[in-house]
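Have a look at the structure below, then the notes.
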Amino acid sequence: MNFRISACVVTGLLSAVQVIGAVPEDKVTPWVMEKTSAGGQAEFLVVMADQADLTPARAMATKAAKGRFVYDALYQRAQQTQAGVLGLLAARGVAHRSYYIVNAVWVRGDRALALELAARPDVKQVIGNPEMRIDLPRPEEAIEESPGREVPLLVEEGITFVRAPEVWSAGFTGQGRVVAGADTGIRWTHQALRPQYRGWNGTTADHNFNWHDSIHPPATGGACGADSPAPCDDNGHGTHTVGTAVGDDGAANEIGMAPGAKFIGCRNMDQGAGTPARYIECFEFFLAPYPVGGNPGQGNPALAPDVTVNSWGCPPEEGCDAANMELIRQAVAAQRAAGIVTGASAGNSGSACSTVMDPPGMHDESLSVGALSCAGNVCTDTLASFSSRGPVTIDGSNRVKPDIVAPGTSVRSATNASDTAYASLQGTSMSGPHVSGAVALLLSGVPSLDGNVNAIETRLTDTAVRNATNSTALCSSTAGVYPNNLFGFGRLDIACGVAGGALSGVNISVAGSTTIGGASPCVGGTATVTETNGTGAAHQWGFRTVSGGAITNLTGQTGTSYQLNCTHFPATGTFFLVERTTPLCGAPIVSNEIPITVQSVPVELQRFNIE
C-alpha cells in the first residue's frame, strides 16, 4: 500500500466542467465543494466503495483471533481496491495518505481533482476533512480545590467512589492489560505514568509499537512538533486522561483506576484541533500498532490494547457532517470487531437534551460515559450540569445515551507541566477514563471476558448503581427506568463488575477429620469456601463457642481454605467453625457452621479477637 505523502499538490487534469456531468452531485459533500470554490484547495477523504466484511469475527473465540482476522481483512481489502486511486495520486505528485481501517485515502487537492476521483466507479464518496477546535478543559483552568487538598489524597475520591481499591485488594490491578489513549498526547515521563508505559522496561524506553503521532506537516504540532518520535503532550489534556485510567506514582498519588495496567498512546489533536483523518489514524494504529516512522503494513494486532480512552469529539458546529460521523463509526466498529472496547466521553453540552451528538460518544459501538459531580471532593450520584444527555437524534436513531456514568468534577490527575505536576479538572473527558480503566480492572479479574466486547459492556452496565433518588423522568426517559438518557445504566461500580453481582450465599465444608488434638493429630481436615454468585473479596475464618453465638476470629486465617489446627483453639470441647466473606458486591455473609471437636490444646494459648 502506498503510504507516501508528497510535498507537491497539483490540480486534477480534468476540468470541473468535463467531470461534473458524469458525477452525481451527492458523491462530493457540500463541505468539499465549498472549501474548493474559487480555485481553493482542501483536505478531503476519498472513501472507497468496497468495504471489508468483518462479521466472521463475531464467531471467533479469542481476542487474538479476532484482531488478526480484522487486520488482515481490512488491510488486504484496502490494498486490493485502492491501487487505482493511489496510482493516480502518485503520478500527479498529490499529497495523500492511505487508510485501511475505513478503506479511504486522505488527499489535499482542488475541486477538479475531487470531482475526478468521485467519478471513478471504485469511489463511493469524497468527503471533507475539517479541522475542529475541541473545547478541552486545560490544566491552567484547574478547579479550585477544597480546603485540605493542598495535600493529595492517597487514593483520589473518584477512584474510591467507583470502588476500584476494593478490586485492588482482591488482587486485581489491571495486570496484563493495556489501555490506549488517543488525545493531545502523553507526557510519558511523568512520575505517575512512566512505570505504566509499555515502552519502558525500567531502564530504557522503546517507543516502537507503543506510540504514534498522527500530526503531520504542514501542521506545526505546537511544543511537540509534527511527527513526534516519542510520546509528547502539547496541551496537557491527554496526560490527565491517561493518568485517571492507569496513573500511580507508587507513593501518595494513586490517581488511576488500573495502576497495574500498561498504556500506549497516539496523538490525534494538534494543540486541541482534531480532524476525522487524525482520529481514524489513531484508531488504525491501535488496531495493529507499528513502529515509529513505520507504516500500517508493519502492524501487529497481537500488540493491540484491550480498551481505548477517547475524550474528544467531532462537533457538527465545527464542520463534522454525517459522512464524517459515519466514517468514524466504521473505525469504532472495526475496533469492536477486533475485541477492543472503545471508551468515549459523552460530551459537555448539557443540561439540554439530545446533546450527545459527537462521534465517538454518540455511536452504538462505543461505551459512552456521562459525568457525576464530586463537589467539595465528595462524590455523589448527582449528574454534573454540563454532562451531555440523550437521546441521540442527530443521526435519527433516537438512541439512549450515555451508557454509564462516573465521576467527572474535581478529578485530580497528572498534567504535562512537569513530571510531578497535577491538576483538578472537570468534564466528561475526566469521567470517561474512569470507565476505560475499569475495563482493564475487569479483564484482570475476569480474563474469560477477553475480547468479548458485548460481555464486557454488559458486565459493567448490569452491575451499575441505580440510585432511586435520582430524577430520570427527563429527556424522553421514564422515571426510575434504566437505561435512561441521563445516567445510562447507572453509576460505574467496578467492584460489582468484577464480582459479577451480589454474593448470595457462602458455604463451607471440611474434607478430612473434624476431630483434632489428643489421640488425633493436632492438624485435621481442610475447610473450603464455596460462594454462590458474585466473588468474595475478603475472607475471615472463625469459631463460635455456642451455635449462633459471637464469632472469634482465627488470627491470620484469611484465605479461601483453612486447615484445622488444635493450636488455634482456646480449650478442649466442641466449637463451631464459620467463615465470614466480605464480598466485592453486597453485604458481608457468614457461612454455615461445622462442629469441630478439640481433644487437647497447648498450654500457652494465642490471643483471639472476639467481636
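Residue numbering restarts at 1 for every chain of the C-alpha cells, chains are lettered A, B, ... in their displayed order, and ligands are numbered from 1 as they appear.
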| said: To test your reading of the structure, identify every residue in region 393-454 of chain A that backbone DSSP assigns to strand (DSSP E or B), and report it as a PyMOL selection string. | reply: chain A and resi 399+404-407+411-414+422-425
Atoms kept (N, CA and C atoms) for selection, written as a PDB file, in the first residue's frame:
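Contents of part-v3.pdb, freshly written:
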```pdb
ATOM      1  N   ARG A 399     -31.282   6.973  19.870  1.00  0.00           N
ATOM      2  CA  ARG A 399     -30.552   6.023  20.712  1.00  0.00           C
ATOM      3  C   ARG A 399     -30.396   6.562  22.128  1.00  0.00           C
ATOM      4  N   ILE A 404     -23.266   4.800  30.691  1.00  0.00           N
ATOM      5  CA  ILE A 404     -22.894   4.657  32.090  1.00  0.00           C
ATOM      6  C   ILE A 404     -22.353   6.009  32.550  1.00  0.00           C
ATOM      7  N   VAL A 405     -22.266   6.229  33.860  1.00  0.00           N
ATOM      8  CA  VAL A 405     -21.733   7.495  34.376  1.00  0.00           C
ATOM      9  C   VAL A 405     -20.638   7.218  35.401  1.00  0.00           C
ATOM     10  N   ALA A 406     -19.739   8.201  35.569  1.00  0.00           N
ATOM     11  CA  ALA A 406     -18.622   8.087  36.503  1.00  0.00           C
ATOM     12  C   ALA A 406     -18.239   9.501  36.939  1.00  0.00           C
ATOM     13  N   PRO A 407     -17.423   9.642  37.981  1.00  0.00           N
ATOM     14  CA  PRO A 407     -17.043  10.976  38.468  1.00  0.00           C
ATOM     15  C   PRO A 407     -16.400  11.823  37.381  1.00  0.00           C
ATOM     16  N   VAL A 411     -11.644  16.142  39.369  1.00  0.00           N
ATOM     17  CA  VAL A 411     -10.844  14.949  39.113  1.00  0.00           C
ATOM     18  C   VAL A 411      -9.373  15.360  39.044  1.00  0.00           C
ATOM     19  N   ARG A 412      -8.614  14.900  40.007  1.00  0.00           N
ATOM     20  CA  ARG A 412      -7.191  15.247  40.083  1.00  0.00           C
ATOM     21  C   ARG A 412      -6.372  14.173  39.372  1.00  0.00           C
ATOM     22  N   SER A 413      -5.501  14.632  38.460  1.00  0.00           N
ATOM     23  CA  SER A 413      -4.669  13.687  37.721  1.00  0.00           C
ATOM     24  C   SER A 413      -3.401  14.397  37.260  1.00  0.00           C
ATOM     25  N   ALA A 414      -2.570  13.681  36.538  1.00  0.00           N
ATOM     26  CA  ALA A 414      -1.296  14.210  36.062  1.00  0.00           C
ATOM     27  C   ALA A 414      -1.510  15.231  34.948  1.00  0.00           C
ATOM     28  N   TYR A 422       0.275  18.042  38.859  1.00  0.00           N
ATOM     29  CA  TYR A 422      -1.085  17.511  38.924  1.00  0.00           C
ATOM     30  C   TYR A 422      -2.054  18.682  38.889  1.00  0.00           C
ATOM     31  N   ALA A 423      -3.281  18.412  38.445  1.00  0.00           N
ATOM     32  CA  ALA A 423      -4.325  19.431  38.442  1.00  0.00           C
ATOM     33  C   ALA A 423      -5.680  18.761  38.504  1.00  0.00           C
ATOM     34  N   SER A 424      -6.670  19.499  38.995  1.00  0.00           N
ATOM     35  CA  SER A 424      -8.048  19.023  39.043  1.00  0.00           C
ATOM     36  C   SER A 424      -8.839  19.654  37.909  1.00  0.00           C
ATOM     37  N   LEU A 425      -9.524  18.824  37.141  1.00  0.00           N
ATOM     38  CA  LEU A 425     -10.311  19.286  36.001  1.00  0.00           C
ATOM     39  C   LEU A 425     -11.716  18.705  36.074  1.00  0.00           C
TER      40      LEU A 425
END
```
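Taking only C-alpha atoms, the non-local environment of Gly250 (chain A) within 9 Å (same-chain residues fewer than 6 positions away omitted) comprises Gln191, Ala192 and Pro195 of chain A.
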| note | In terms of only C-alpha atoms, the residue from A:Asp306, A:Asp135, A:Glu166, A:Asp72 at minimal distance from Gly181 (chain A) is A:Asp306
| request: Pick out the closest residue to Asn210 (chain A) from this set: A:Gly361, A:Pro305, A:Gly67, A:Gly408. Count only C-alpha atoms. | output: A:Pro305
| field | Who sits within 10 Å of Phe569 (chain A), only C-alpha atoms, same chain under 2 positions skipped, as a ChimeraX atom specification | value | /A:542-543,552,554,564-567,571-573,575,598,600-602,605-608
Keeping all heavy atoms, export the residues of the selection given above as a compact mmCIF listing (two decimals), in the first residue's frame.
```
# COMPACT_ATOMS: atom_id res chain seq x y z
N GLY A 542 -13.32 -18.19 61.56
CA GLY A 542 -13.52 -18.00 62.99
C GLY A 542 -14.29 -19.16 63.59
O GLY A 542 -14.58 -20.15 62.90
N PHE A 543 -14.61 -19.03 64.86
CA PHE A 543 -15.40 -20.08 65.51
C PHE A 543 -16.33 -19.47 66.54
O PHE A 543 -16.16 -18.34 67.01
CB PHE A 543 -14.48 -21.12 66.18
CG PHE A 543 -13.65 -20.57 67.31
CD1 PHE A 543 -14.17 -20.48 68.60
CD2 PHE A 543 -12.35 -20.15 67.09
CE1 PHE A 543 -13.42 -19.98 69.64
CE2 PHE A 543 -11.58 -19.65 68.13
CZ PHE A 543 -12.11 -19.56 69.41
N THR A 552 -15.32 -15.62 67.13
CA THR A 552 -13.93 -15.31 67.45
C THR A 552 -13.10 -15.55 66.19
O THR A 552 -13.13 -16.65 65.61
CB THR A 552 -13.41 -16.23 68.57
OG1 THR A 552 -14.20 -16.04 69.74
CG2 THR A 552 -11.95 -15.93 68.87
N LEU A 554 -10.07 -16.40 63.83
CA LEU A 554 -8.84 -17.18 63.84
C LEU A 554 -7.76 -16.32 63.18
O LEU A 554 -7.76 -16.10 61.97
CB LEU A 554 -9.03 -18.49 63.06
CG LEU A 554 -9.93 -19.52 63.74
CD1 LEU A 554 -10.29 -20.64 62.78
CD2 LEU A 554 -9.24 -20.09 64.97
N LEU A 564 -7.66 -27.23 59.76
CA LEU A 564 -7.94 -27.26 61.20
C LEU A 564 -6.66 -27.53 61.98
O LEU A 564 -5.85 -28.39 61.63
CB LEU A 564 -8.96 -28.34 61.52
CG LEU A 564 -10.30 -28.31 60.75
CD1 LEU A 564 -11.22 -29.41 61.25
CD2 LEU A 564 -10.96 -26.96 60.87
N ASN A 565 -6.51 -26.78 63.09
CA ASN A 565 -5.30 -26.89 63.90
C ASN A 565 -5.68 -26.67 65.36
O ASN A 565 -6.26 -25.63 65.71
CB ASN A 565 -4.28 -25.83 63.45
CG ASN A 565 -2.91 -26.03 64.06
OD1 ASN A 565 -2.79 -26.35 65.24
ND2 ASN A 565 -1.87 -25.81 63.26
N CYS A 566 -5.36 -27.65 66.21
CA CYS A 566 -5.79 -27.55 67.61
C CYS A 566 -5.14 -26.38 68.33
O CYS A 566 -5.68 -25.88 69.33
CB CYS A 566 -5.50 -28.87 68.35
SG CYS A 566 -3.73 -29.18 68.61
N THR A 567 -3.99 -25.88 67.83
CA THR A 567 -3.34 -24.74 68.49
C THR A 567 -4.12 -23.44 68.31
O THR A 567 -3.83 -22.44 68.97
CB THR A 567 -1.91 -24.55 67.95
OG1 THR A 567 -1.97 -24.18 66.57
CG2 THR A 567 -1.07 -25.80 68.11
N ALA A 571 -9.43 -24.04 74.12
CA ALA A 571 -9.70 -25.07 75.13
C ALA A 571 -10.19 -26.33 74.42
O ALA A 571 -10.40 -26.35 73.20
CB ALA A 571 -10.76 -24.59 76.11
N THR A 572 -10.34 -27.38 75.20
CA THR A 572 -10.95 -28.59 74.65
C THR A 572 -12.46 -28.41 74.60
O THR A 572 -13.02 -27.53 75.25
CB THR A 572 -10.60 -29.81 75.50
OG1 THR A 572 -11.09 -29.60 76.83
CG2 THR A 572 -9.10 -30.05 75.52
N GLY A 573 -13.10 -29.23 73.78
CA GLY A 573 -14.55 -29.17 73.69
C GLY A 573 -15.01 -29.05 72.26
O GLY A 573 -14.25 -29.31 71.32
N PHE A 575 -16.50 -26.76 69.21
CA PHE A 575 -16.59 -25.40 68.66
C PHE A 575 -17.30 -25.47 67.32
O PHE A 575 -17.44 -26.55 66.72
CB PHE A 575 -15.19 -24.80 68.50
CG PHE A 575 -14.44 -24.65 69.79
CD1 PHE A 575 -13.68 -25.70 70.30
CD2 PHE A 575 -14.52 -23.48 70.53
CE1 PHE A 575 -13.01 -25.58 71.50
CE2 PHE A 575 -13.84 -23.35 71.73
CZ PHE A 575 -13.09 -24.40 72.22
N VAL A 598 -12.30 -30.55 69.67
CA VAL A 598 -10.91 -30.32 70.05
C VAL A 598 -10.64 -31.15 71.31
O VAL A 598 -11.24 -30.92 72.37
CB VAL A 598 -10.62 -28.84 70.32
CG1 VAL A 598 -9.16 -28.63 70.72
CG2 VAL A 598 -10.96 -28.00 69.09
N SER A 600 -7.48 -31.72 72.73
CA SER A 600 -6.42 -31.15 73.57
C SER A 600 -5.90 -29.89 72.91
O SER A 600 -6.03 -29.70 71.70
CB SER A 600 -5.27 -32.15 73.74
OG SER A 600 -4.60 -32.37 72.50
N VAL A 601 -5.32 -28.99 73.73
CA VAL A 601 -4.74 -27.75 73.23
C VAL A 601 -3.42 -27.51 73.94
O VAL A 601 -3.17 -28.05 75.02
CB VAL A 601 -5.69 -26.55 73.49
CG1 VAL A 601 -6.97 -26.70 72.71
CG2 VAL A 601 -5.97 -26.38 74.98
N PRO A 602 -2.54 -26.69 73.37
CA PRO A 602 -1.29 -26.37 74.04
C PRO A 602 -1.53 -25.61 75.34
O PRO A 602 -2.60 -25.01 75.55
CB PRO A 602 -0.57 -25.49 73.02
CG PRO A 602 -1.19 -25.82 71.71
CD PRO A 602 -2.62 -26.13 72.03
N LEU A 605 -1.85 -20.39 75.07
CA LEU A 605 -2.82 -20.13 74.00
C LEU A 605 -2.54 -18.81 73.31
O LEU A 605 -1.99 -17.88 73.90
CB LEU A 605 -4.24 -20.11 74.59
CG LEU A 605 -4.65 -21.39 75.34
CD1 LEU A 605 -6.05 -21.21 75.90
CD2 LEU A 605 -4.59 -22.59 74.42
N GLN A 606 -2.97 -18.74 72.05
CA GLN A 606 -2.85 -17.49 71.31
C GLN A 606 -3.92 -16.52 71.79
O GLN A 606 -4.90 -16.88 72.43
CB GLN A 606 -3.06 -17.76 69.81
CG GLN A 606 -2.01 -18.68 69.22
CD GLN A 606 -2.30 -18.93 67.74
OE1 GLN A 606 -3.34 -18.54 67.25
NE2 GLN A 606 -1.36 -19.56 67.07
N ARG A 607 -3.71 -15.27 71.48
CA ARG A 607 -4.75 -14.27 71.74
C ARG A 607 -5.77 -14.32 70.62
O ARG A 607 -5.44 -14.59 69.48
CB ARG A 607 -4.13 -12.87 71.78
CG ARG A 607 -3.25 -12.65 72.99
CD ARG A 607 -2.83 -11.20 73.04
NE ARG A 607 -2.04 -10.94 74.23
CZ ARG A 607 -1.56 -9.75 74.55
NH1 ARG A 607 -1.77 -8.73 73.76
NH2 ARG A 607 -0.86 -9.58 75.65
N PHE A 608 -7.01 -14.02 70.97
CA PHE A 608 -8.08 -14.05 69.97
C PHE A 608 -8.83 -12.73 69.99
O PHE A 608 -8.92 -12.06 71.02
CB PHE A 608 -9.05 -15.20 70.25
CG PHE A 608 -8.40 -16.56 70.05
CD1 PHE A 608 -7.89 -17.26 71.13
CD2 PHE A 608 -8.29 -17.09 68.79
CE1 PHE A 608 -7.27 -18.48 70.95
CE2 PHE A 608 -7.67 -18.31 68.60
CZ PHE A 608 -7.17 -19.01 69.68
```
| field | Residue contacts of Gly40 (chain A) (10 Å, only C-alpha atoms) excluding same-chain residues fewer than 5 positions away, as a ChimeraX atom specification | value | /A:33-35,109-111
Dump as an mmCIF file, in the first residue's frame, selection limited to all heavy atoms:
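Writing done, so here's selection37.cif:
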```
data_model
loop_
_atom_site.group_PDB
_atom_site.id
_atom_site.type_symbol
_atom_site.label_atom_id
_atom_site.label_comp_id
_atom_site.auth_asym_id
_atom_site.auth_seq_id
_atom_site.Cartn_x
_atom_site.Cartn_y
_atom_site.Cartn_z
ATOM 1 N N MET A 33 -17.130 20.943 -1.669
ATOM 2 C CA MET A 33 -17.459 21.892 -2.734
ATOM 3 C C MET A 33 -17.241 23.326 -2.275
ATOM 4 O O MET A 33 -16.701 24.158 -3.013
ATOM 5 C CB MET A 33 -18.913 21.685 -3.175
ATOM 6 C CG MET A 33 -19.204 20.305 -3.761
ATOM 7 S SD MET A 33 -18.299 19.973 -5.296
ATOM 8 C CE MET A 33 -19.192 21.040 -6.432
ATOM 9 N N GLU A 34 -17.618 23.606 -1.054
ATOM 10 C CA GLU A 34 -17.467 24.972 -0.527
ATOM 11 C C GLU A 34 -15.990 25.344 -0.367
ATOM 12 O O GLU A 34 -15.561 26.432 -0.763
ATOM 13 C CB GLU A 34 -18.180 25.087 0.817
ATOM 14 C CG GLU A 34 -17.999 26.442 1.484
ATOM 15 C CD GLU A 34 -18.553 26.483 2.893
ATOM 16 O OE1 GLU A 34 -19.275 25.541 3.282
ATOM 17 O OE2 GLU A 34 -18.239 27.450 3.620
ATOM 18 N N LYS A 35 -15.205 24.436 0.222
ATOM 19 C CA LYS A 35 -13.815 24.757 0.517
ATOM 20 C C LYS A 35 -12.942 24.803 -0.742
ATOM 21 O O LYS A 35 -11.841 25.365 -0.704
ATOM 22 C CB LYS A 35 -13.240 23.736 1.496
ATOM 23 C CG LYS A 35 -13.921 23.736 2.860
ATOM 24 C CD LYS A 35 -13.802 25.084 3.552
ATOM 25 C CE LYS A 35 -14.490 25.074 4.910
ATOM 26 N NZ LYS A 35 -14.405 26.396 5.590
ATOM 27 N N GLY A 109 -6.154 18.603 -2.309
ATOM 28 C CA GLY A 109 -6.252 18.969 -3.717
ATOM 29 C C GLY A 109 -7.371 19.964 -3.977
ATOM 30 O O GLY A 109 -7.978 20.501 -3.043
ATOM 31 N N ASP A 110 -7.672 20.187 -5.241
ATOM 32 C CA ASP A 110 -8.695 21.171 -5.613
ATOM 33 C C ASP A 110 -9.980 20.479 -6.049
ATOM 34 O O ASP A 110 -10.085 19.242 -6.017
ATOM 35 C CB ASP A 110 -8.170 22.111 -6.705
ATOM 36 C CG ASP A 110 -7.819 21.393 -8.001
ATOM 37 O OD1 ASP A 110 -8.149 20.189 -8.135
ATOM 38 O OD2 ASP A 110 -7.205 22.017 -8.881
ATOM 39 N N ARG A 111 -10.949 21.288 -6.462
ATOM 40 C CA ARG A 111 -12.255 20.736 -6.819
ATOM 41 C C ARG A 111 -12.176 19.805 -8.021
ATOM 42 O O ARG A 111 -12.843 18.764 -8.061
ATOM 43 C CB ARG A 111 -13.260 21.863 -7.096
ATOM 44 C CG ARG A 111 -14.628 21.326 -7.484
ATOM 45 C CD ARG A 111 -15.636 22.410 -7.737
ATOM 46 N NE ARG A 111 -15.972 23.113 -6.510
ATOM 47 C CZ ARG A 111 -16.869 24.112 -6.449
ATOM 48 N NH1 ARG A 111 -17.500 24.509 -7.551
ATOM 49 N NH2 ARG A 111 -17.121 24.705 -5.313
#
```
| field | DSSP alpha helix (DSSP H) residues within region 380-578 of chain A, as a ChimeraX atom specification | value | /A:428-445,453-462,494-499
Once you have the residues from the selection above, write them out as a short mmCIF file (atom, residue, chain, number, x, y, z; two decimals), in the first residue's frame, restricted to N, CA, C and O atoms.
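Once written, result_8.cif looks like this:
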```cif
data_model
loop_
_atom_site.label_atom_id
_atom_site.label_comp_id
_atom_site.auth_asym_id
_atom_site.auth_seq_id
_atom_site.Cartn_x
_atom_site.Cartn_y
_atom_site.Cartn_z
N THR A 428 -16.72 15.45 30.97
CA THR A 428 -16.85 14.02 30.68
C THR A 428 -15.53 13.46 30.18
O THR A 428 -15.33 12.24 30.15
N SER A 429 -14.60 14.35 29.79
CA SER A 429 -13.24 13.91 29.49
C SER A 429 -12.60 13.24 30.70
O SER A 429 -11.71 12.41 30.55
N MET A 430 -13.03 13.64 31.87
CA MET A 430 -12.48 13.09 33.10
C MET A 430 -13.25 11.85 33.55
O MET A 430 -12.67 10.95 34.18
N SER A 431 -14.53 11.78 33.25
CA SER A 431 -15.32 10.59 33.65
C SER A 431 -15.02 9.40 32.74
O SER A 431 -14.96 8.25 33.20
N GLY A 432 -14.81 9.64 31.45
CA GLY A 432 -14.55 8.56 30.52
C GLY A 432 -13.39 7.65 30.90
O GLY A 432 -13.51 6.42 30.86
N PRO A 433 -12.22 8.22 31.29
CA PRO A 433 -11.09 7.36 31.66
C PRO A 433 -11.34 6.48 32.87
O PRO A 433 -10.69 5.45 33.03
N HIS A 434 -12.25 6.89 33.77
CA HIS A 434 -12.60 6.01 34.88
C HIS A 434 -13.13 4.68 34.34
O HIS A 434 -12.80 3.61 34.85
N VAL A 435 -13.96 4.75 33.32
CA VAL A 435 -14.57 3.54 32.78
C VAL A 435 -13.58 2.74 31.94
O VAL A 435 -13.54 1.51 32.01
N SER A 436 -12.73 3.42 31.17
CA SER A 436 -11.72 2.69 30.39
C SER A 436 -10.76 1.97 31.32
O SER A 436 -10.39 0.81 31.07
N GLY A 437 -10.35 2.63 32.42
CA GLY A 437 -9.51 1.95 33.40
C GLY A 437 -10.24 0.79 34.05
O GLY A 437 -9.63 -0.24 34.35
N ALA A 438 -11.54 0.96 34.25
CA ALA A 438 -12.34 -0.11 34.85
C ALA A 438 -12.37 -1.35 33.96
O ALA A 438 -12.41 -2.48 34.46
N VAL A 439 -12.34 -1.16 32.65
CA VAL A 439 -12.31 -2.31 31.74
C VAL A 439 -11.04 -3.13 31.97
O VAL A 439 -11.08 -4.36 32.01
N ALA A 440 -9.91 -2.43 32.17
CA ALA A 440 -8.65 -3.15 32.45
C ALA A 440 -8.75 -3.91 33.76
O ALA A 440 -8.28 -5.05 33.87
N LEU A 441 -9.35 -3.29 34.78
CA LEU A 441 -9.54 -3.99 36.06
C LEU A 441 -10.42 -5.22 35.88
O LEU A 441 -10.13 -6.30 36.41
N LEU A 442 -11.51 -5.06 35.16
CA LEU A 442 -12.44 -6.17 34.94
C LEU A 442 -11.75 -7.34 34.25
O LEU A 442 -11.90 -8.50 34.65
N LEU A 443 -10.96 -7.03 33.23
CA LEU A 443 -10.31 -8.11 32.49
C LEU A 443 -9.21 -8.78 33.29
O LEU A 443 -8.93 -9.97 33.09
N SER A 444 -8.57 -8.05 34.20
CA SER A 444 -7.58 -8.71 35.05
C SER A 444 -8.26 -9.63 36.06
O SER A 444 -7.70 -10.67 36.43
N GLY A 445 -9.48 -9.27 36.46
CA GLY A 445 -10.21 -10.11 37.41
C GLY A 445 -11.02 -11.21 36.77
O GLY A 445 -11.23 -12.28 37.36
N VAL A 453 -16.40 -7.89 23.64
CA VAL A 453 -16.82 -6.52 23.96
C VAL A 453 -18.25 -6.48 24.47
O VAL A 453 -18.57 -5.77 25.42
N ASN A 454 -19.14 -7.26 23.86
CA ASN A 454 -20.53 -7.28 24.33
C ASN A 454 -20.61 -7.70 25.79
O ASN A 454 -21.31 -7.08 26.59
N ALA A 455 -19.88 -8.76 26.14
CA ALA A 455 -19.93 -9.27 27.51
C ALA A 455 -19.29 -8.30 28.49
O ALA A 455 -19.75 -8.13 29.63
N ILE A 456 -18.21 -7.64 28.08
CA ILE A 456 -17.55 -6.66 28.95
C ILE A 456 -18.49 -5.52 29.26
O ILE A 456 -18.67 -5.12 30.43
N GLU A 457 -19.11 -4.97 28.23
CA GLU A 457 -20.02 -3.84 28.44
C GLU A 457 -21.24 -4.25 29.25
O GLU A 457 -21.68 -3.52 30.15
N THR A 458 -21.77 -5.43 28.98
CA THR A 458 -22.93 -5.91 29.74
C THR A 458 -22.58 -6.09 31.20
O THR A 458 -23.38 -5.76 32.10
N ARG A 459 -21.39 -6.61 31.48
CA ARG A 459 -20.96 -6.82 32.87
C ARG A 459 -20.92 -5.49 33.61
O ARG A 459 -21.36 -5.38 34.76
N LEU A 460 -20.40 -4.45 32.97
CA LEU A 460 -20.29 -3.14 33.62
C LEU A 460 -21.66 -2.46 33.77
O LEU A 460 -21.94 -1.86 34.81
N THR A 461 -22.49 -2.57 32.74
CA THR A 461 -23.78 -1.88 32.82
C THR A 461 -24.77 -2.62 33.71
O THR A 461 -25.56 -2.00 34.42
N ASP A 462 -24.74 -3.95 33.71
CA ASP A 462 -25.66 -4.71 34.55
C ASP A 462 -25.38 -4.53 36.05
O ASP A 462 -26.29 -4.69 36.87
N ILE A 494 -17.12 -0.86 39.82
CA ILE A 494 -16.23 -1.88 39.28
C ILE A 494 -16.08 -3.06 40.23
O ILE A 494 -15.82 -4.19 39.78
N ALA A 495 -16.28 -2.86 41.52
CA ALA A 495 -16.22 -4.00 42.44
C ALA A 495 -17.34 -4.99 42.11
O ALA A 495 -17.11 -6.20 42.05
N CYS A 496 -18.54 -4.48 41.89
CA CYS A 496 -19.63 -5.37 41.49
C CYS A 496 -19.39 -5.92 40.10
O CYS A 496 -19.78 -7.06 39.80
N GLY A 497 -18.76 -5.13 39.25
CA GLY A 497 -18.47 -5.61 37.91
C GLY A 497 -17.56 -6.82 37.93
O GLY A 497 -17.81 -7.81 37.23
N VAL A 498 -16.50 -6.76 38.73
CA VAL A 498 -15.59 -7.90 38.83
C VAL A 498 -16.30 -9.08 39.50
O VAL A 498 -16.13 -10.24 39.09
N ALA A 499 -17.11 -8.80 40.52
CA ALA A 499 -17.82 -9.87 41.21
C ALA A 499 -18.89 -10.49 40.34
O ALA A 499 -19.23 -11.67 40.49
#
```
| region 265-276 of chain A environment, 6 Å, only C-alpha atoms, sequence neighbours closer than 2 positions dropped, as a list in words | Asn129, Pro130, Glu131, Met132, Arg133, Ile134, Ala180, Gly181, Ala182, Asp183, Thr184, Gly185, Trp211, His212, Asp213, Ser214, Gly221, Asp234, Asn235, Arg278, Tyr279 and Cys282 of chain A
| request: Pick out the residues sitting within 8 Å of region 103-108 of chain A, and hand them over as a ChimeraX atom specification; count only C-alpha atoms, and ignore anything fewer than 4 positions along from it in its own chain. | output: /A:9,41-48,50-51,74,77-78,82,94-99,277
| said: Taking 3 positions as the minimum chain separation for residues in the same chain, which residues sit within 8 Å of Val590 (chain A) when counting only C-alpha atoms? Answer as a ChimeraX atom specification. | reply: /A:506,578-581
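Across the structure, CA of Gly247 (chain A) and CA of Leu193 (chain A) are spaced 5.3 Å apart.
The closest residue to Gly501 (chain A), picked from A:Val481, A:Leu54, A:Leu584, A:Leu474 and counting only C-alpha atoms, is A:Leu584.
Across A:Gly299, A:Gly524, A:Gly427, A:Gly313, the tightest approach to Phe285 (chain A) is made by A:Gly299 when counting only C-alpha atoms.
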Using only C-alpha atoms, I'd like a table of the residues in region 462-521 of chain A that come within 12 Å of region 375-392 of chain A; for each, show the closest atom pair and its distance in Å rounded to one decimal, ordered by chain and ascending number, as a tab-separated table.
```
residue	atom	partner	partner_atom	distance
A:Ala464	CA	A:Asp381	CA	11.5
A:Val465	CA	A:Asp381	CA	8.9
A:Arg466	CA	A:Asp381	CA	8.9
A:Asn467	CA	A:Asp381	CA	7.0
A:Ala468	CA	A:Asp381	CA	10.0
A:Thr469	CA	A:Asp381	CA	8.9
A:Asn470	CA	A:Thr382	CA	7.2
A:Ser471	CA	A:Thr382	CA	9.4
A:Thr472	CA	A:Leu383	CA	10.3
A:Leu474	CA	A:Arg389	CA	9.4
A:Cys475	CA	A:Gly390	CA	6.6
A:Ser476	CA	A:Pro391	CA	7.3
A:Ser477	CA	A:Pro391	CA	8.7
A:Pro483	CA	A:Gly390	CA	10.8
A:Asn484	CA	A:Gly390	CA	8.0
A:Asn485	CA	A:Gly390	CA	4.5
A:Leu486	CA	A:Arg389	CA	5.3
A:Phe487	CA	A:Leu383	CA	7.4
A:Gly488	CA	A:Gly390	CA	9.0
A:Gly490	CA	A:Asp381	CA	8.8
A:Arg491	CA	A:Asp381	CA	7.2
A:Leu492	CA	A:Asp381	CA	10.3
A:Asp493	CA	A:Asp381	CA	11.8
```
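Reported to one decimal place, the separation of CA of Ser311 (chain A) from CA of Asn201 (chain A) is 27.7 Å.
For the choices A:His216, A:Arg336, A:Lys124, A:Arg198, the atom-to-atom distance to Val246 (chain A) is smallest for A:Arg198 when using only C-alpha atoms.
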Counting only C-alpha atoms, which residues in region 68-174 of chain A sit no more than 10 Å from region 258-262 of chain A? For each one, give the nearest pair of atoms and the distance in Å, sorted by chain then residue number, as CSV.
```
residue,atom,partner,partner_atom,distance
A:Ile159,CA,A:Ala258,CA,9.6
A:Ala164,CA,A:Ala258,CA,7.9
A:Pro165,CA,A:Ala258,CA,9.5
A:Val167,CA,A:Ala258,CA,9.5
A:Trp168,CA,A:Ala258,CA,8.4
A:Phe172,CA,A:Gly260,CA,8.0
A:Thr173,CA,A:Gly260,CA,4.7
A:Gly174,CA,A:Ala261,CA,4.4
```
